[in-house]
file upload.cif (mmCIF, N, CA and C atoms)
data_entry
loop_
_atom_site.label_atom_id
_atom_site.label_comp_id
_atom_site.auth_asym_id
_atom_site.auth_seq_id
_atom_site.Cartn_x
_atom_site.Cartn_y
_atom_site.Cartn_z
N MET P 1 83.01 -122.20 50.62
CA MET P 1 83.47 -121.77 49.31
C MET P 1 84.34 -120.53 49.48
N ALA P 2 85.48 -120.54 48.84
CA ALA P 2 86.43 -119.43 48.95
C ALA P 2 85.96 -118.25 48.09
N THR P 3 86.17 -117.06 48.62
CA THR P 3 85.83 -115.85 47.90
C THR P 3 87.04 -115.39 47.10
N LEU P 4 86.80 -115.03 45.85
CA LEU P 4 87.87 -114.56 44.99
C LEU P 4 88.09 -113.08 45.24
N LEU P 5 89.29 -112.72 45.69
CA LEU P 5 89.63 -111.32 45.93
C LEU P 5 90.35 -110.76 44.72
N TYR P 6 90.01 -109.56 44.37
CA TYR P 6 90.69 -108.86 43.29
C TYR P 6 91.62 -107.82 43.89
N PHE P 7 92.66 -107.48 43.15
CA PHE P 7 93.66 -106.55 43.63
C PHE P 7 93.81 -105.39 42.66
N VAL P 8 94.11 -104.22 43.21
CA VAL P 8 94.33 -103.03 42.42
C VAL P 8 95.59 -103.21 41.57
N LYS P 9 95.47 -102.88 40.30
CA LYS P 9 96.63 -102.91 39.40
C LYS P 9 97.08 -101.47 39.20
N LEU P 10 98.30 -101.17 39.63
CA LEU P 10 98.79 -99.80 39.53
C LEU P 10 99.27 -99.48 38.11
N ALA P 11 100.19 -100.28 37.60
CA ALA P 11 100.74 -100.10 36.24
C ALA P 11 101.18 -98.66 35.99
N LEU P 12 101.97 -98.10 36.91
CA LEU P 12 102.41 -96.71 36.79
C LEU P 12 103.83 -96.59 36.22
N THR P 13 104.62 -97.65 36.32
CA THR P 13 105.98 -97.58 35.81
C THR P 13 105.95 -97.61 34.29
N GLY P 14 106.83 -96.84 33.70
CA GLY P 14 106.91 -96.82 32.25
C GLY P 14 105.96 -95.83 31.58
N LEU P 15 105.10 -95.19 32.37
CA LEU P 15 104.20 -94.20 31.78
C LEU P 15 104.95 -92.89 31.57
N SER P 16 104.72 -92.26 30.44
CA SER P 16 105.30 -90.94 30.21
C SER P 16 104.61 -89.95 31.16
N PRO P 17 105.23 -88.81 31.43
CA PRO P 17 104.59 -87.84 32.32
C PRO P 17 103.20 -87.43 31.84
N ALA P 18 103.01 -87.29 30.53
CA ALA P 18 101.69 -86.92 30.01
C ALA P 18 100.67 -88.03 30.29
N LYS P 19 101.06 -89.29 30.09
CA LYS P 19 100.15 -90.41 30.36
C LYS P 19 99.89 -90.55 31.86
N LEU P 20 100.90 -90.25 32.67
CA LEU P 20 100.74 -90.30 34.12
C LEU P 20 99.72 -89.26 34.57
N VAL P 21 99.81 -88.07 34.01
CA VAL P 21 98.83 -87.02 34.33
C VAL P 21 97.44 -87.45 33.89
N GLU P 22 97.34 -88.04 32.72
CA GLU P 22 96.05 -88.52 32.21
C GLU P 22 95.45 -89.58 33.13
N ARG P 23 96.28 -90.53 33.58
CA ARG P 23 95.80 -91.58 34.47
C ARG P 23 95.37 -90.99 35.80
N ALA P 24 96.16 -90.05 36.34
CA ALA P 24 95.83 -89.43 37.63
C ALA P 24 94.52 -88.65 37.54
N ARG P 25 94.32 -87.92 36.46
CA ARG P 25 93.08 -87.15 36.30
C ARG P 25 91.87 -88.08 36.20
N ALA P 26 92.02 -89.23 35.55
CA ALA P 26 90.93 -90.20 35.44
C ALA P 26 90.58 -90.77 36.82
N ILE P 27 91.60 -91.06 37.62
CA ILE P 27 91.37 -91.59 38.97
C ILE P 27 90.70 -90.54 39.85
N ILE P 28 91.18 -89.30 39.76
CA ILE P 28 90.58 -88.22 40.55
C ILE P 28 89.12 -88.03 40.17
N ALA P 29 88.83 -88.04 38.87
CA ALA P 29 87.44 -87.87 38.42
C ALA P 29 86.56 -89.01 38.90
N ALA P 30 87.08 -90.24 38.88
CA ALA P 30 86.29 -91.40 39.31
C ALA P 30 86.03 -91.39 40.81
N MET P 31 86.99 -90.89 41.58
CA MET P 31 86.84 -90.92 43.03
C MET P 31 86.11 -89.70 43.59
N THR P 32 86.03 -88.63 42.82
CA THR P 32 85.33 -87.43 43.29
C THR P 32 83.84 -87.73 43.39
N GLY P 33 83.32 -87.58 44.59
CA GLY P 33 81.90 -87.84 44.82
C GLY P 33 81.54 -89.31 44.95
N ASN P 34 82.53 -90.20 44.91
CA ASN P 34 82.28 -91.64 45.04
C ASN P 34 82.01 -91.95 46.51
N ALA P 35 80.80 -92.42 46.81
CA ALA P 35 80.40 -92.67 48.20
C ALA P 35 81.22 -93.77 48.86
N VAL P 36 81.77 -94.68 48.09
CA VAL P 36 82.57 -95.77 48.65
C VAL P 36 83.86 -95.23 49.26
N TYR P 37 84.40 -94.20 48.65
CA TYR P 37 85.68 -93.63 49.08
C TYR P 37 85.46 -92.21 49.60
N ALA P 38 84.84 -92.12 50.75
CA ALA P 38 84.46 -90.82 51.31
C ALA P 38 85.66 -90.02 51.82
N THR P 39 86.64 -90.70 52.41
CA THR P 39 87.80 -90.00 52.98
C THR P 39 89.09 -90.62 52.47
N PRO P 40 89.44 -90.36 51.21
CA PRO P 40 90.65 -90.98 50.65
C PRO P 40 91.92 -90.46 51.32
N VAL P 41 92.89 -91.36 51.40
CA VAL P 41 94.21 -91.02 51.94
C VAL P 41 95.23 -91.46 50.90
N PRO P 42 95.99 -90.54 50.32
CA PRO P 42 96.01 -89.10 50.49
C PRO P 42 94.75 -88.46 49.90
N THR P 43 94.48 -87.23 50.30
CA THR P 43 93.27 -86.57 49.82
C THR P 43 93.36 -86.30 48.33
N LEU P 44 92.20 -86.16 47.71
CA LEU P 44 92.18 -85.89 46.28
C LEU P 44 92.77 -84.51 45.97
N ALA P 45 92.68 -83.58 46.92
CA ALA P 45 93.27 -82.26 46.71
C ALA P 45 94.79 -82.35 46.61
N VAL P 46 95.39 -83.19 47.43
CA VAL P 46 96.84 -83.38 47.39
C VAL P 46 97.25 -84.03 46.06
N VAL P 47 96.49 -85.02 45.62
CA VAL P 47 96.80 -85.71 44.36
C VAL P 47 96.61 -84.74 43.19
N THR P 48 95.58 -83.91 43.25
CA THR P 48 95.35 -82.92 42.19
C THR P 48 96.49 -81.92 42.11
N THR P 49 96.97 -81.46 43.25
CA THR P 49 98.09 -80.52 43.28
C THR P 49 99.34 -81.16 42.69
N ALA P 50 99.60 -82.41 43.03
CA ALA P 50 100.76 -83.11 42.48
C ALA P 50 100.62 -83.33 40.97
N THR P 51 99.40 -83.61 40.54
CA THR P 51 99.14 -83.79 39.10
C THR P 51 99.40 -82.49 38.34
N ASP P 52 98.92 -81.39 38.90
CA ASP P 52 99.15 -80.09 38.28
C ASP P 52 100.64 -79.77 38.21
N ALA P 53 101.39 -80.14 39.26
CA ALA P 53 102.83 -79.89 39.29
C ALA P 53 103.55 -80.69 38.20
N VAL P 54 103.15 -81.93 37.99
CA VAL P 54 103.76 -82.75 36.93
C VAL P 54 103.44 -82.15 35.56
N GLU P 55 102.20 -81.74 35.39
CA GLU P 55 101.80 -81.16 34.11
C GLU P 55 102.59 -79.88 33.82
N ALA P 56 102.76 -79.02 34.82
CA ALA P 56 103.52 -77.79 34.64
C ALA P 56 104.99 -78.09 34.36
N ALA P 57 105.55 -79.06 35.07
CA ALA P 57 106.96 -79.41 34.86
C ALA P 57 107.16 -80.03 33.48
N ASP P 58 106.22 -80.82 33.00
CA ASP P 58 106.32 -81.41 31.67
C ASP P 58 106.22 -80.34 30.59
N THR P 59 105.38 -79.34 30.82
CA THR P 59 105.28 -78.22 29.88
C THR P 59 106.59 -77.44 29.84
N ALA P 60 107.24 -77.26 31.00
CA ALA P 60 108.52 -76.57 31.03
C ALA P 60 109.58 -77.34 30.25
N VAL P 61 109.55 -78.66 30.34
CA VAL P 61 110.50 -79.48 29.58
C VAL P 61 110.25 -79.33 28.09
N LEU P 62 108.98 -79.34 27.69
CA LEU P 62 108.66 -79.23 26.27
C LEU P 62 109.02 -77.85 25.71
N ASN P 63 108.90 -76.82 26.54
CA ASN P 63 109.20 -75.46 26.09
C ASN P 63 110.68 -75.13 26.14
N ASN P 64 111.38 -75.59 27.17
CA ASN P 64 112.78 -75.22 27.37
C ASN P 64 113.68 -76.44 27.25
N GLY P 65 113.45 -77.40 28.13
CA GLY P 65 114.19 -78.65 28.05
C GLY P 65 115.57 -78.63 28.64
N GLY P 66 115.82 -77.77 29.63
CA GLY P 66 117.11 -77.76 30.30
C GLY P 66 117.23 -78.91 31.28
N LYS P 67 118.46 -79.14 31.76
CA LYS P 67 118.69 -80.23 32.71
C LYS P 67 117.85 -80.08 33.97
N GLN P 68 117.75 -78.85 34.48
CA GLN P 68 116.98 -78.60 35.69
C GLN P 68 115.49 -78.89 35.44
N ASP P 69 115.00 -78.56 34.24
CA ASP P 69 113.61 -78.84 33.92
C ASP P 69 113.32 -80.34 33.90
N TYR P 70 114.24 -81.10 33.32
CA TYR P 70 114.08 -82.56 33.30
C TYR P 70 114.11 -83.15 34.71
N LEU P 71 115.04 -82.67 35.52
CA LEU P 71 115.16 -83.15 36.89
C LEU P 71 113.90 -82.84 37.68
N THR P 72 113.41 -81.62 37.56
CA THR P 72 112.19 -81.23 38.27
C THR P 72 111.00 -82.08 37.83
N ARG P 73 110.86 -82.28 36.52
CA ARG P 73 109.75 -83.09 36.01
C ARG P 73 109.81 -84.52 36.53
N ASP P 74 111.01 -85.09 36.52
CA ASP P 74 111.16 -86.47 36.97
C ASP P 74 110.87 -86.61 38.46
N LEU P 75 111.29 -85.62 39.26
CA LEU P 75 111.00 -85.65 40.69
C LEU P 75 109.50 -85.52 40.96
N ARG P 76 108.85 -84.60 40.25
CA ARG P 76 107.39 -84.41 40.42
C ARG P 76 106.62 -85.65 39.97
N ALA P 77 107.08 -86.28 38.91
CA ALA P 77 106.42 -87.50 38.41
C ALA P 77 106.55 -88.62 39.44
N GLN P 78 107.72 -88.76 40.06
CA GLN P 78 107.89 -89.79 41.08
C GLN P 78 107.01 -89.52 42.30
N GLU P 79 106.90 -88.25 42.69
CA GLU P 79 106.02 -87.90 43.81
C GLU P 79 104.57 -88.27 43.49
N LEU P 80 104.14 -88.03 42.25
CA LEU P 80 102.77 -88.38 41.86
C LEU P 80 102.60 -89.89 41.85
N ARG P 81 103.60 -90.63 41.37
CA ARG P 81 103.51 -92.10 41.39
C ARG P 81 103.37 -92.61 42.82
N ASP P 82 104.14 -92.01 43.73
CA ASP P 82 104.06 -92.41 45.14
C ASP P 82 102.66 -92.14 45.71
N LEU P 83 102.10 -90.99 45.39
CA LEU P 83 100.76 -90.66 45.88
C LEU P 83 99.70 -91.59 45.30
N LEU P 84 99.82 -91.91 44.00
CA LEU P 84 98.85 -92.82 43.38
C LEU P 84 98.99 -94.24 43.93
N THR P 85 100.20 -94.61 44.33
CA THR P 85 100.41 -95.91 44.96
C THR P 85 99.73 -95.95 46.32
N LEU P 86 99.91 -94.89 47.11
CA LEU P 86 99.22 -94.81 48.41
C LEU P 86 97.71 -94.81 48.24
N LEU P 87 97.23 -94.08 47.26
CA LEU P 87 95.79 -94.03 47.00
C LEU P 87 95.29 -95.40 46.56
N GLY P 88 96.09 -96.12 45.77
CA GLY P 88 95.73 -97.48 45.35
C GLY P 88 95.63 -98.42 46.54
N SER P 89 96.52 -98.24 47.52
CA SER P 89 96.46 -99.06 48.74
C SER P 89 95.17 -98.76 49.51
N TYR P 90 94.81 -97.48 49.58
CA TYR P 90 93.56 -97.10 50.25
C TYR P 90 92.37 -97.73 49.53
N VAL P 91 92.37 -97.70 48.21
CA VAL P 91 91.28 -98.29 47.42
C VAL P 91 91.21 -99.79 47.68
N GLN P 92 92.37 -100.46 47.73
CA GLN P 92 92.40 -101.90 47.96
C GLN P 92 91.77 -102.25 49.31
N VAL P 93 92.18 -101.53 50.33
CA VAL P 93 91.69 -101.84 51.68
C VAL P 93 90.20 -101.51 51.79
N THR P 94 89.80 -100.36 51.29
CA THR P 94 88.41 -99.92 51.41
C THR P 94 87.46 -100.79 50.58
N SER P 95 87.92 -101.23 49.42
CA SER P 95 87.06 -102.03 48.55
C SER P 95 86.89 -103.45 49.06
N GLY P 96 87.81 -103.93 49.86
CA GLY P 96 87.74 -105.30 50.35
C GLY P 96 87.94 -106.33 49.24
N GLY P 97 88.54 -105.93 48.13
CA GLY P 97 88.79 -106.85 47.03
C GLY P 97 87.62 -106.98 46.07
N ASP P 98 86.59 -106.14 46.21
CA ASP P 98 85.42 -106.16 45.33
C ASP P 98 85.80 -105.48 44.00
N PRO P 99 85.74 -106.22 42.88
CA PRO P 99 86.20 -105.65 41.61
C PRO P 99 85.37 -104.45 41.16
N GLU P 100 84.08 -104.44 41.43
CA GLU P 100 83.25 -103.30 41.02
C GLU P 100 83.65 -102.03 41.76
N LYS P 101 83.97 -102.18 43.04
CA LYS P 101 84.38 -101.01 43.82
C LYS P 101 85.75 -100.51 43.37
N ILE P 102 86.64 -101.43 43.04
CA ILE P 102 87.97 -101.04 42.57
C ILE P 102 87.85 -100.30 41.24
N LEU P 103 87.07 -100.84 40.34
CA LEU P 103 86.90 -100.20 39.03
C LEU P 103 86.21 -98.85 39.15
N SER P 104 85.32 -98.70 40.14
CA SER P 104 84.62 -97.43 40.32
C SER P 104 85.57 -96.33 40.78
N ALA P 105 86.75 -96.69 41.27
CA ALA P 105 87.75 -95.71 41.70
C ALA P 105 88.68 -95.32 40.56
N GLY P 106 88.51 -95.92 39.39
CA GLY P 106 89.36 -95.58 38.25
C GLY P 106 90.60 -96.43 38.12
N TYR P 107 90.78 -97.38 39.02
CA TYR P 107 91.92 -98.29 38.96
C TYR P 107 91.50 -99.59 38.26
N PRO P 108 92.36 -100.17 37.43
CA PRO P 108 92.06 -101.49 36.89
C PRO P 108 92.37 -102.57 37.94
N THR P 109 91.95 -103.79 37.67
CA THR P 109 92.24 -104.90 38.58
C THR P 109 93.26 -105.83 37.94
N ARG P 110 94.01 -106.50 38.80
CA ARG P 110 94.96 -107.50 38.32
C ARG P 110 94.20 -108.73 37.87
N LYS P 111 94.76 -109.43 36.91
CA LYS P 111 94.19 -110.68 36.46
C LYS P 111 94.33 -111.71 37.57
N PRO P 112 93.25 -112.44 37.88
CA PRO P 112 93.34 -113.46 38.94
C PRO P 112 94.37 -114.54 38.60
N ALA P 113 94.99 -115.09 39.62
CA ALA P 113 95.99 -116.14 39.43
C ALA P 113 95.32 -117.41 38.92
N GLU P 114 96.04 -118.11 38.07
CA GLU P 114 95.55 -119.38 37.52
C GLU P 114 96.61 -120.45 37.74
N PRO P 115 96.18 -121.70 37.91
CA PRO P 115 97.18 -122.77 38.06
C PRO P 115 97.98 -122.94 36.77
N VAL P 116 99.24 -123.30 36.93
CA VAL P 116 100.13 -123.45 35.78
C VAL P 116 99.77 -124.68 34.97
N GLY P 117 99.39 -125.75 35.63
CA GLY P 117 99.09 -127.00 34.95
C GLY P 117 100.17 -128.02 35.23
N PRO P 118 100.03 -129.20 34.66
CA PRO P 118 101.02 -130.25 34.92
C PRO P 118 102.36 -129.90 34.29
N MET P 119 103.42 -130.27 35.01
CA MET P 119 104.77 -130.05 34.52
C MET P 119 105.16 -131.18 33.59
N GLY P 120 105.84 -130.84 32.52
CA GLY P 120 106.30 -131.85 31.58
C GLY P 120 107.55 -132.55 32.08
N LYS P 121 107.83 -133.73 31.54
CA LYS P 121 109.02 -134.48 31.94
C LYS P 121 110.24 -133.87 31.27
N PRO P 122 111.33 -133.73 32.03
CA PRO P 122 112.56 -133.27 31.38
C PRO P 122 113.10 -134.38 30.49
N GLY P 123 113.64 -133.99 29.38
CA GLY P 123 114.15 -135.01 28.45
C GLY P 123 115.65 -134.93 28.26
N ASP P 124 116.25 -136.06 27.87
CA ASP P 124 117.67 -136.15 27.55
C ASP P 124 118.56 -135.64 28.66
N LEU P 125 118.33 -136.09 29.89
CA LEU P 125 119.19 -135.73 31.01
C LEU P 125 120.34 -136.72 31.06
N VAL P 126 121.52 -136.17 31.29
CA VAL P 126 122.71 -137.02 31.38
C VAL P 126 123.51 -136.60 32.61
N ALA P 127 123.87 -137.56 33.44
CA ALA P 127 124.67 -137.29 34.62
C ALA P 127 126.14 -137.55 34.28
N THR P 128 127.00 -136.60 34.61
CA THR P 128 128.42 -136.78 34.35
C THR P 128 129.18 -136.54 35.65
N ALA P 129 130.30 -137.24 35.81
CA ALA P 129 131.14 -137.08 37.00
C ALA P 129 132.29 -136.14 36.64
N ASN P 130 132.56 -135.23 37.53
CA ASN P 130 133.69 -134.32 37.30
C ASN P 130 134.84 -134.66 38.18
#

call {"tool": "encode", "arguments": {"input": "upload.cif", "output": "C-alpha cells"}}
result
Amino acid sequence: MATLLYFVKLALTGLSPAKLVERARAIIAAMTGNAVYATPVPTLAVVTTATDAVEAADTAVLNNGGKQDYLTRDLRAQELRDLLTLLGSYVQVTSGGDPEKILSAGYPTRKPAEPVGPMGKPGDLVATAN
C-alpha cells in the first residue's frame, strides 16, 4: 500500500509585508521548542532578525514613504521570503511528509493530488485543407 506524502505549502507570494511578518512570527513561534525540529536551517534567530528588519522597513515606509524606504522594504521582504522558503524545505525533509509534523511547524500543507477523471469527447471537429 502506497503512503500518502504531504508537502509544505509556502504561499508567500502576494503577501503584504505586514502579513509576511505575521506569517513568519507564527512559524517562529510554532518551531520554537518543537522537538521535531531541533536544529532548523536557517536558524530561528536568523529568521527572527530578518522578520524584525522587514517590520522596521515597513514602518519606515508607513512613516516616510520615500523611494529608498520602499526599495529597502522590498529587499528585506524578499530576503525573508527566501529564508522562509529554505526553512520550509528543512521542514519538508525533516517531517518526511507527515502532515501532523508539518502543521506543528506552522506551515500549512498542500492539497493532495486527485485524478482529473475521464476526458470528454471533443465535439464538432472539422478538418480543412489549406

call {"tool": "residues_around", "arguments": {"input": "upload.cif", "residues": "segment 101-109 of chain P", "least_positions_apart": "3", "cutoff": "8 Å", "atoms": "all atoms listed in the file", "output": "list of chain:residue names"}}
result
P:Tyr6, P:Phe7, P:Val8, P:Lys9, P:Leu10, P:Ala11, P:Arg23, P:Ala26, P:Ile27, P:Ile28, P:Ala29, P:Ala30, P:Met31, P:Thr32, P:Asn34, P:Val36, P:Tyr37, P:Gly88, P:Val91, P:Gln92, P:Thr94, P:Ser95, P:Gly96, P:Gly97, P:Asp98, P:Pro112

call {"tool": "atom_distance", "arguments": {"input": "upload.cif", "atom1": "atom CA of Val116 of chain P", "atom2": "atom CA of Leu4 of chain P"}}
result
17.7 Å

call {"tool": "atom_distance", "arguments": {"input": "upload.cif", "atom1": "atom C of Thr51 of chain P", "atom2": "atom CA of Glu100 of chain P"}}
result
26.5 Å

call {"tool": "resolve_selection", "arguments": {"input": "upload.cif", "expression": "the PyMOL selection byres (((chain P and resi 50 and name CA) around 10) and name CA)", "output": "PyMOL selection string"}}
result
chain P and resi 21+24+44-49+51-56+76-81+83-84

call {"tool": "select_by_dssp", "arguments": {"input": "upload.cif", "residues": "segment 6-122 of chain P", "states": "alpha helix (DSSP H)", "output": "short mmCIF file (atom, residue, chain, number, x, y, z; two decimals) with N, CA and C atoms, in the coordinates of the input"}}
result
data_model
loop_
_atom_site.label_atom_id
_atom_site.label_comp_id
_atom_site.auth_asym_id
_atom_site.auth_seq_id
_atom_site.Cartn_x
_atom_site.Cartn_y
_atom_site.Cartn_z
N PRO P 17 105.23 -88.81 31.43
CA PRO P 17 104.59 -87.84 32.32
C PRO P 17 103.20 -87.43 31.84
N ALA P 18 103.01 -87.29 30.53
CA ALA P 18 101.69 -86.92 30.01
C ALA P 18 100.67 -88.03 30.29
N LYS P 19 101.06 -89.29 30.09
CA LYS P 19 100.15 -90.41 30.36
C LYS P 19 99.89 -90.55 31.86
N LEU P 20 100.90 -90.25 32.67
CA LEU P 20 100.74 -90.30 34.12
C LEU P 20 99.72 -89.26 34.57
N VAL P 21 99.81 -88.07 34.01
CA VAL P 21 98.83 -87.02 34.33
C VAL P 21 97.44 -87.45 33.89
N GLU P 22 97.34 -88.04 32.72
CA GLU P 22 96.05 -88.52 32.21
C GLU P 22 95.45 -89.58 33.13
N ARG P 23 96.28 -90.53 33.58
CA ARG P 23 95.80 -91.58 34.47
C ARG P 23 95.37 -90.99 35.80
N ALA P 24 96.16 -90.05 36.34
CA ALA P 24 95.83 -89.43 37.63
C ALA P 24 94.52 -88.65 37.54
N ARG P 25 94.32 -87.92 36.46
CA ARG P 25 93.08 -87.15 36.30
C ARG P 25 91.87 -88.08 36.20
N ALA P 26 92.02 -89.23 35.55
CA ALA P 26 90.93 -90.20 35.44
C ALA P 26 90.58 -90.77 36.82
N ILE P 27 91.60 -91.06 37.62
CA ILE P 27 91.37 -91.59 38.97
C ILE P 27 90.70 -90.54 39.85
N ILE P 28 91.18 -89.30 39.76
CA ILE P 28 90.58 -88.22 40.55
C ILE P 28 89.12 -88.03 40.17
N ALA P 29 88.83 -88.04 38.87
CA ALA P 29 87.44 -87.87 38.42
C ALA P 29 86.56 -89.01 38.90
N ALA P 30 87.08 -90.24 38.88
CA ALA P 30 86.29 -91.40 39.31
C ALA P 30 86.03 -91.39 40.81
N MET P 31 86.99 -90.89 41.58
CA MET P 31 86.84 -90.92 43.03
C MET P 31 86.11 -89.70 43.59
N LEU P 44 92.20 -86.16 47.71
CA LEU P 44 92.18 -85.89 46.28
C LEU P 44 92.77 -84.51 45.97
N ALA P 45 92.68 -83.58 46.92
CA ALA P 45 93.27 -82.26 46.71
C ALA P 45 94.79 -82.35 46.61
N VAL P 46 95.39 -83.19 47.43
CA VAL P 46 96.84 -83.38 47.39
C VAL P 46 97.25 -84.03 46.06
N VAL P 47 96.49 -85.02 45.62
CA VAL P 47 96.80 -85.71 44.36
C VAL P 47 96.61 -84.74 43.19
N THR P 48 95.58 -83.91 43.25
CA THR P 48 95.35 -82.92 42.19
C THR P 48 96.49 -81.92 42.11
N THR P 49 96.97 -81.46 43.25
CA THR P 49 98.09 -80.52 43.28
C THR P 49 99.34 -81.16 42.69
N ALA P 50 99.60 -82.41 43.03
CA ALA P 50 100.76 -83.11 42.48
C ALA P 50 100.62 -83.33 40.97
N THR P 51 99.40 -83.61 40.54
CA THR P 51 99.14 -83.79 39.10
C THR P 51 99.40 -82.49 38.34
N ASP P 52 98.92 -81.39 38.90
CA ASP P 52 99.15 -80.09 38.28
C ASP P 52 100.64 -79.77 38.21
N ALA P 53 101.39 -80.14 39.26
CA ALA P 53 102.83 -79.89 39.29
C ALA P 53 103.55 -80.69 38.20
N VAL P 54 103.15 -81.93 37.99
CA VAL P 54 103.76 -82.75 36.93
C VAL P 54 103.44 -82.15 35.56
N GLU P 55 102.20 -81.74 35.39
CA GLU P 55 101.80 -81.16 34.11
C GLU P 55 102.59 -79.88 33.82
N ALA P 56 102.76 -79.02 34.82
CA ALA P 56 103.52 -77.79 34.64
C ALA P 56 104.99 -78.09 34.36
N ALA P 57 105.55 -79.06 35.07
CA ALA P 57 106.96 -79.41 34.86
C ALA P 57 107.16 -80.03 33.48
N ASP P 58 106.22 -80.82 33.00
CA ASP P 58 106.32 -81.41 31.67
C ASP P 58 106.22 -80.34 30.59
N THR P 59 105.38 -79.34 30.82
CA THR P 59 105.28 -78.22 29.88
C THR P 59 106.59 -77.44 29.84
N ALA P 60 107.24 -77.26 31.00
CA ALA P 60 108.52 -76.57 31.03
C ALA P 60 109.58 -77.34 30.25
N VAL P 61 109.55 -78.66 30.34
CA VAL P 61 110.50 -79.48 29.58
C VAL P 61 110.25 -79.33 28.09
N LEU P 62 108.98 -79.34 27.69
CA LEU P 62 108.66 -79.23 26.27
C LEU P 62 109.02 -77.85 25.71
N ASN P 63 108.90 -76.82 26.54
CA ASN P 63 109.20 -75.46 26.09
C ASN P 63 110.68 -75.13 26.14
N LYS P 67 118.46 -79.14 31.76
CA LYS P 67 118.69 -80.23 32.71
C LYS P 67 117.85 -80.08 33.97
N GLN P 68 117.75 -78.85 34.48
CA GLN P 68 116.98 -78.60 35.69
C GLN P 68 115.49 -78.89 35.44
N ASP P 69 115.00 -78.56 34.24
CA ASP P 69 113.61 -78.84 33.92
C ASP P 69 113.32 -80.34 33.90
N TYR P 70 114.24 -81.10 33.32
CA TYR P 70 114.08 -82.56 33.30
C TYR P 70 114.11 -83.15 34.71
N LEU P 71 115.04 -82.67 35.52
CA LEU P 71 115.16 -83.15 36.89
C LEU P 71 113.90 -82.84 37.68
N THR P 72 113.41 -81.62 37.56
CA THR P 72 112.19 -81.23 38.27
C THR P 72 111.00 -82.08 37.83
N ARG P 73 110.86 -82.28 36.52
CA ARG P 73 109.75 -83.09 36.01
C ARG P 73 109.81 -84.52 36.53
N ASP P 74 111.01 -85.09 36.52
CA ASP P 74 111.16 -86.47 36.97
C ASP P 74 110.87 -86.61 38.46
N LEU P 75 111.29 -85.62 39.26
CA LEU P 75 111.00 -85.65 40.69
C LEU P 75 109.50 -85.52 40.96
N ARG P 76 108.85 -84.60 40.25
CA ARG P 76 107.39 -84.41 40.42
C ARG P 76 106.62 -85.65 39.97
N ALA P 77 107.08 -86.28 38.91
CA ALA P 77 106.42 -87.50 38.41
C ALA P 77 106.55 -88.62 39.44
N GLN P 78 107.72 -88.76 40.06
CA GLN P 78 107.89 -89.79 41.08
C GLN P 78 107.01 -89.52 42.30
N GLU P 79 106.90 -88.25 42.69
CA GLU P 79 106.02 -87.90 43.81
C GLU P 79 104.57 -88.27 43.49
N LEU P 80 104.14 -88.03 42.25
CA LEU P 80 102.77 -88.38 41.86
C LEU P 80 102.60 -89.89 41.85
N ARG P 81 103.60 -90.63 41.37
CA ARG P 81 103.51 -92.10 41.39
C ARG P 81 103.37 -92.61 42.82
N ASP P 82 104.14 -92.01 43.73
CA ASP P 82 104.06 -92.41 45.14
C ASP P 82 102.66 -92.14 45.71
N LEU P 83 102.10 -90.99 45.39
CA LEU P 83 100.76 -90.66 45.88
C LEU P 83 99.70 -91.59 45.30
N LEU P 84 99.82 -91.91 44.00
CA LEU P 84 98.85 -92.82 43.38
C LEU P 84 98.99 -94.24 43.93
N THR P 85 100.20 -94.61 44.33
CA THR P 85 100.41 -95.91 44.96
C THR P 85 99.73 -95.95 46.32
N LEU P 86 99.91 -94.89 47.11
CA LEU P 86 99.22 -94.81 48.41
C LEU P 86 97.71 -94.81 48.24
N LEU P 87 97.23 -94.08 47.26
CA LEU P 87 95.79 -94.03 47.00
C LEU P 87 95.29 -95.40 46.56
N GLY P 88 96.09 -96.12 45.77
CA GLY P 88 95.73 -97.48 45.35
C GLY P 88 95.63 -98.42 46.54
N SER P 89 96.52 -98.24 47.52
CA SER P 89 96.46 -99.06 48.74
C SER P 89 95.17 -98.76 49.51
N TYR P 90 94.81 -97.48 49.58
CA TYR P 90 93.56 -97.10 50.25
C TYR P 90 92.37 -97.73 49.53
N VAL P 91 92.37 -97.70 48.21
CA VAL P 91 91.28 -98.29 47.42
C VAL P 91 91.21 -99.79 47.68
N GLN P 92 92.37 -100.46 47.73
CA GLN P 92 92.40 -101.90 47.96
C GLN P 92 91.77 -102.25 49.31
N VAL P 93 92.18 -101.53 50.33
CA VAL P 93 91.69 -101.84 51.68
C VAL P 93 90.20 -101.51 51.79
N THR P 94 89.80 -100.36 51.29
CA THR P 94 88.41 -99.92 51.41
C THR P 94 87.46 -100.79 50.58
N SER P 95 87.92 -101.23 49.42
CA SER P 95 87.06 -102.03 48.55
C SER P 95 86.89 -103.45 49.06
N PRO P 99 85.74 -106.22 42.88
CA PRO P 99 86.20 -105.65 41.61
C PRO P 99 85.37 -104.45 41.16
N GLU P 100 84.08 -104.44 41.43
CA GLU P 100 83.25 -103.30 41.02
C GLU P 100 83.65 -102.03 41.76
N LYS P 101 83.97 -102.18 43.04
CA LYS P 101 84.38 -101.01 43.82
C LYS P 101 85.75 -100.51 43.37
N ILE P 102 86.64 -101.43 43.04
CA ILE P 102 87.97 -101.04 42.57
C ILE P 102 87.85 -100.30 41.24
N LEU P 103 87.07 -100.84 40.34
CA LEU P 103 86.90 -100.20 39.03
C LEU P 103 86.21 -98.85 39.15
N SER P 104 85.32 -98.70 40.14
CA SER P 104 84.62 -97.43 40.32
C SER P 104 85.57 -96.33 40.78
#

call {"tool": "atom_distance", "arguments": {"input": "upload.cif", "atom1": "atom CA of Ala38 of chain P", "atom2": "atom N of Ala18 of chain P"}}
result
28.1 Å

call {"tool": "axis_aligned_box", "arguments": {"input": "upload.cif", "around": "segment 39-45 of chain P", "padding_each_side": "4 Å", "output": "AutoDock Vina command-line options"}}
result
--center_x 91.3 --center_y -86.9 --center_z 49.5 --size_x 17.4 --size_y 17.2 --size_z 15.0

call {"tool": "closest_residue", "arguments": {"input": "upload.cif", "among": "P:Leu5, P:Leu75, P:Asn64, P:Asp58", "to": "Pro99 of chain P", "atoms": "only C-alpha atoms"}}
result
P:Leu5
